[in-house]
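Worksheet for the structure shown next.
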There are 2 protein chains.
Amino acid sequence: MGKMGVLFVFSGPSGVGKGTLKKRLLEEFKGQIVDSVSATTREPRKDEQDGREYFFISRQEFDRRVENNDFLEHAEFSGNCYGTPRENVMNLLNRGIDVVLEIDVQGARQVREKMSDCVSIFILPPSFEELEHRLRERHTETEDKILERLETARREIPCAPEYDYQIVNNDLDAAYDQLRNVYVHAAQRA
Amino acid sequence: MGKMGVLFVFSGPSGVGKGTLKKRLLEEFKGQIVDSVSATTREPRKDEQDGREYFFISRQEFDRRVENNDFLEHAEFSGNCYGTPRENVMNLLNRGIDVVLEIDVQGARQVREKMSDCVSIFILPPSFEELEHRLRERHTETEDKILERLETARREIPCAPEYDYQIVNNDLDAAYDQLRNVYVHAAQRA
């Protein structure tokens, strides 16, 4: 049936640039690696499309899927539930396509338990002060929201050693080079 | 979000060689097009693995998914149910990966209703006699099974004009060249 794809797990605090790094990887290795579309109970935003940004499902349907073990990992943030559909990921991996999940520390633990072969990467800021600086530079969020993100970061950063790789995003190009090396190495190993 | 993938639907009678043609296409265009893993209520065979050949689910779960509109198409054969998970296909298409579904005429009709952009291809035998000859040459099936397949073929072949393309598989290489042209043309058009 050919080579299996490799499952990559990306975590790191909000503002660390993991979305940017992921996007660059997906673009450079188009057709080899994709990100999985998550299911969520939150309302779609105006420019969002079911099945593209998320699969938008009811809370009842979400709970049923949790019970049925249909998610590789799931979590609740600010009253909304998010989950990674197991079958979508398995479909991709079994067809030789690598998959990347951008999830939090709790989600990564759930995935590691179910998919022991996954490769996990934690993106670190050069310093806590720099992270705070980057979050404030966005100018898109309230002070409360920023403080909440920093609080989460304070809780998550100490979990970085649980991951297979830690990459410090000081300079974006340098961080991407490291990520690229990890990816090429892990994808070939499989 | 980048280019959407294209959904291809393959139909044709049992023994016509559509599996071989599909496999060749998937191999030549690895990373660009994959087949979707179906869900089924039938028991896994010894060498089958959940999520690779099929997702093996209970009849109760299958019925629930039908009710929930989770399948792009579904059908029952010899007491077993088969369905194409909608989310898996959407995940692939939305990440720019083309998808091929090898399904029967009824399934193709269901898919065409839901995904009007799909490209459908019917593989025809050079003649009915040649199809019978090929089915008998396999030496793997009972006479009853062969007669059943021929009966289904007699019902399905007249539906070929419903499809966007008809390809006669007389010579495998020639048929593949036609299929390849259809694929390359349709995938670029998207």
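Lettering and numbering for the structure tokens are positional, with chains as A, B, ... in the shown order, residues counted from 1 in each chain, and ligands counted from 1 in the shown order.
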With only C-alpha atoms as the counted atoms, please give the residues lying no more than 8 Å from Val99 of chain B, apart from itself and same-chain residues fewer than 6 positions off, as a tab-separated table (two decimals) with C-alpha atoms, in the first residue's frame.
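File around_30.tsv, as written:
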chain	number	residue	atom	x	y	z
B	5	GLY	CA	-8.63	19.90	-5.42
B	6	VAL	CA	-10.88	18.25	-8.01
B	7	LEU	CA	-13.18	15.35	-7.20
B	8	PHE	CA	-13.13	12.47	-9.71
B	33	ILE	CA	-4.44	12.79	-6.17
B	34	VAL	CA	-5.47	10.16	-3.62
B	35	ASP	CA	-8.40	7.83	-3.15
B	36	SER	CA	-10.71	8.27	-0.20
B	89	VAL	CA	-13.08	14.23	0.99
B	92	LEU	CA	-8.46	16.72	0.93
B	93	LEU	CA	-10.12	18.99	-1.65
Return the neighbours of chain B among the residues of chain A, cut-off 8 Å, counting only C-alpha atoms, as a ChimeraX atom specification.
/A:31-32,34-37,51-52,55,87-88,90-92,94-97
If you run DSSP on the backbone here, which positions in segment 135-172 of chain A get alpha helix (DSSP H)? Please write them as a PyMOL selection string.
chain A and resi 135-137+143-156+172
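Taking every C-alpha atom in order, chain A superposes onto chain B with an RMSD of 0.0 Å.
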Members of segment 1-108 of chain A assigned strand (DSSP E or B) by DSSP, as a PyMOL selection string
chain A and resi 7-11+33-35+38-40+50+54-56+71-77+80-85+98-102
Nearby residues (only C-alpha atoms) at most 10 Å from segment 146-148 of chain A, same-chain spacing under 5 positions excluded, as an MDAnalysis selection string
chainID A and resid 14:15 132 135:136 139:141 153:154
Print the selection's residues with N, CA, C and O atoms to a file, as a PDB file, in the first residue's frame.
ATOM      1  N   SER A  14       0.826  31.318  21.861  1.00  0.00           N
ATOM      2  CA  SER A  14       0.227  32.267  20.940  1.00  0.00           C
ATOM      3  C   SER A  14       1.188  33.436  20.738  1.00  0.00           C
ATOM      4  O   SER A  14       1.696  33.989  21.716  1.00  0.00           O
ATOM      5  N   GLY A  15       1.476  33.802  19.492  1.00  0.00           N
ATOM      6  CA  GLY A  15       2.371  34.914  19.209  1.00  0.00           C
ATOM      7  C   GLY A  15       3.786  34.476  18.892  1.00  0.00           C
ATOM      8  O   GLY A  15       4.628  35.288  18.502  1.00  0.00           O
ATOM      9  N   GLU A 132       5.777  38.754  24.844  1.00  0.00           N
ATOM     10  CA  GLU A 132       4.840  39.805  25.247  1.00  0.00           C
ATOM     11  C   GLU A 132       4.896  40.960  24.242  1.00  0.00           C
ATOM     12  O   GLU A 132       3.864  41.482  23.808  1.00  0.00           O
ATOM     13  N   LEU A 135       3.063  39.958  21.060  1.00  0.00           N
ATOM     14  CA  LEU A 135       1.603  39.943  21.239  1.00  0.00           C
ATOM     15  C   LEU A 135       1.044  41.362  21.241  1.00  0.00           C
ATOM     16  O   LEU A 135      -0.014  41.632  20.671  1.00  0.00           O
ATOM     17  N   ARG A 136       1.776  42.280  21.878  1.00  0.00           N
ATOM     18  CA  ARG A 136       1.305  43.673  21.951  1.00  0.00           C
ATOM     19  C   ARG A 136       1.427  44.371  20.602  1.00  0.00           C
ATOM     20  O   ARG A 136       0.617  45.229  20.264  1.00  0.00           O
ATOM     21  N   HIS A 139      -1.598  44.659  17.952  1.00  0.00           N
ATOM     22  CA  HIS A 139      -2.605  45.718  18.065  1.00  0.00           C
ATOM     23  C   HIS A 139      -4.009  45.254  17.720  1.00  0.00           C
ATOM     24  O   HIS A 139      -4.820  46.040  17.248  1.00  0.00           O
ATOM     25  N   THR A 140      -4.286  43.960  17.876  1.00  0.00           N
ATOM     26  CA  THR A 140      -5.617  43.491  17.481  1.00  0.00           C
ATOM     27  C   THR A 140      -6.421  43.015  18.684  1.00  0.00           C
ATOM     28  O   THR A 140      -7.582  42.681  18.550  1.00  0.00           O
ATOM     29  N   GLU A 141      -5.801  42.978  19.853  1.00  0.00           N
ATOM     30  CA  GLU A 141      -6.494  42.359  20.978  1.00  0.00           C
ATOM     31  C   GLU A 141      -6.571  43.264  22.196  1.00  0.00           C
ATOM     32  O   GLU A 141      -5.743  44.145  22.400  1.00  0.00           O
ATOM     33  N   ALA A 153       0.791  30.980  28.078  1.00  0.00           N
ATOM     34  CA  ALA A 153       2.186  30.759  27.686  1.00  0.00           C
ATOM     35  C   ALA A 153       3.030  30.348  28.892  1.00  0.00           C
ATOM     36  O   ALA A 153       3.858  29.435  28.812  1.00  0.00           O
ATOM     37  N   ARG A 154       2.800  31.014  30.022  1.00  0.00           N
ATOM     38  CA  ARG A 154       3.537  30.708  31.245  1.00  0.00           C
ATOM     39  C   ARG A 154       3.296  29.258  31.677  1.00  0.00           C
ATOM     40  O   ARG A 154       4.169  28.624  32.262  1.00  0.00           O
TER      41      ARG A 154
END
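Contact shell of Gln60 of chain B at 12 Å (only C-alpha atoms; same-chain neighbours under 3 positions omitted): Asn68 of chain A; Thr40, Thr41, Phe56, Ile57, Asp63, Arg64, Arg65, Val66, Glu67 and Cys81 of chain B.
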Show which residues sit within 8 Å of Leu21 of chain A, as a count of residues only. Count only C-alpha atoms, and ignore same-chain residues fewer than 2 positions away.
10
Tell me which of B:Ala160, B:Val111, B:Val168, B:Val182 sits closest to Ser11 of chain B, counting only C-alpha atoms.
B:Ala160
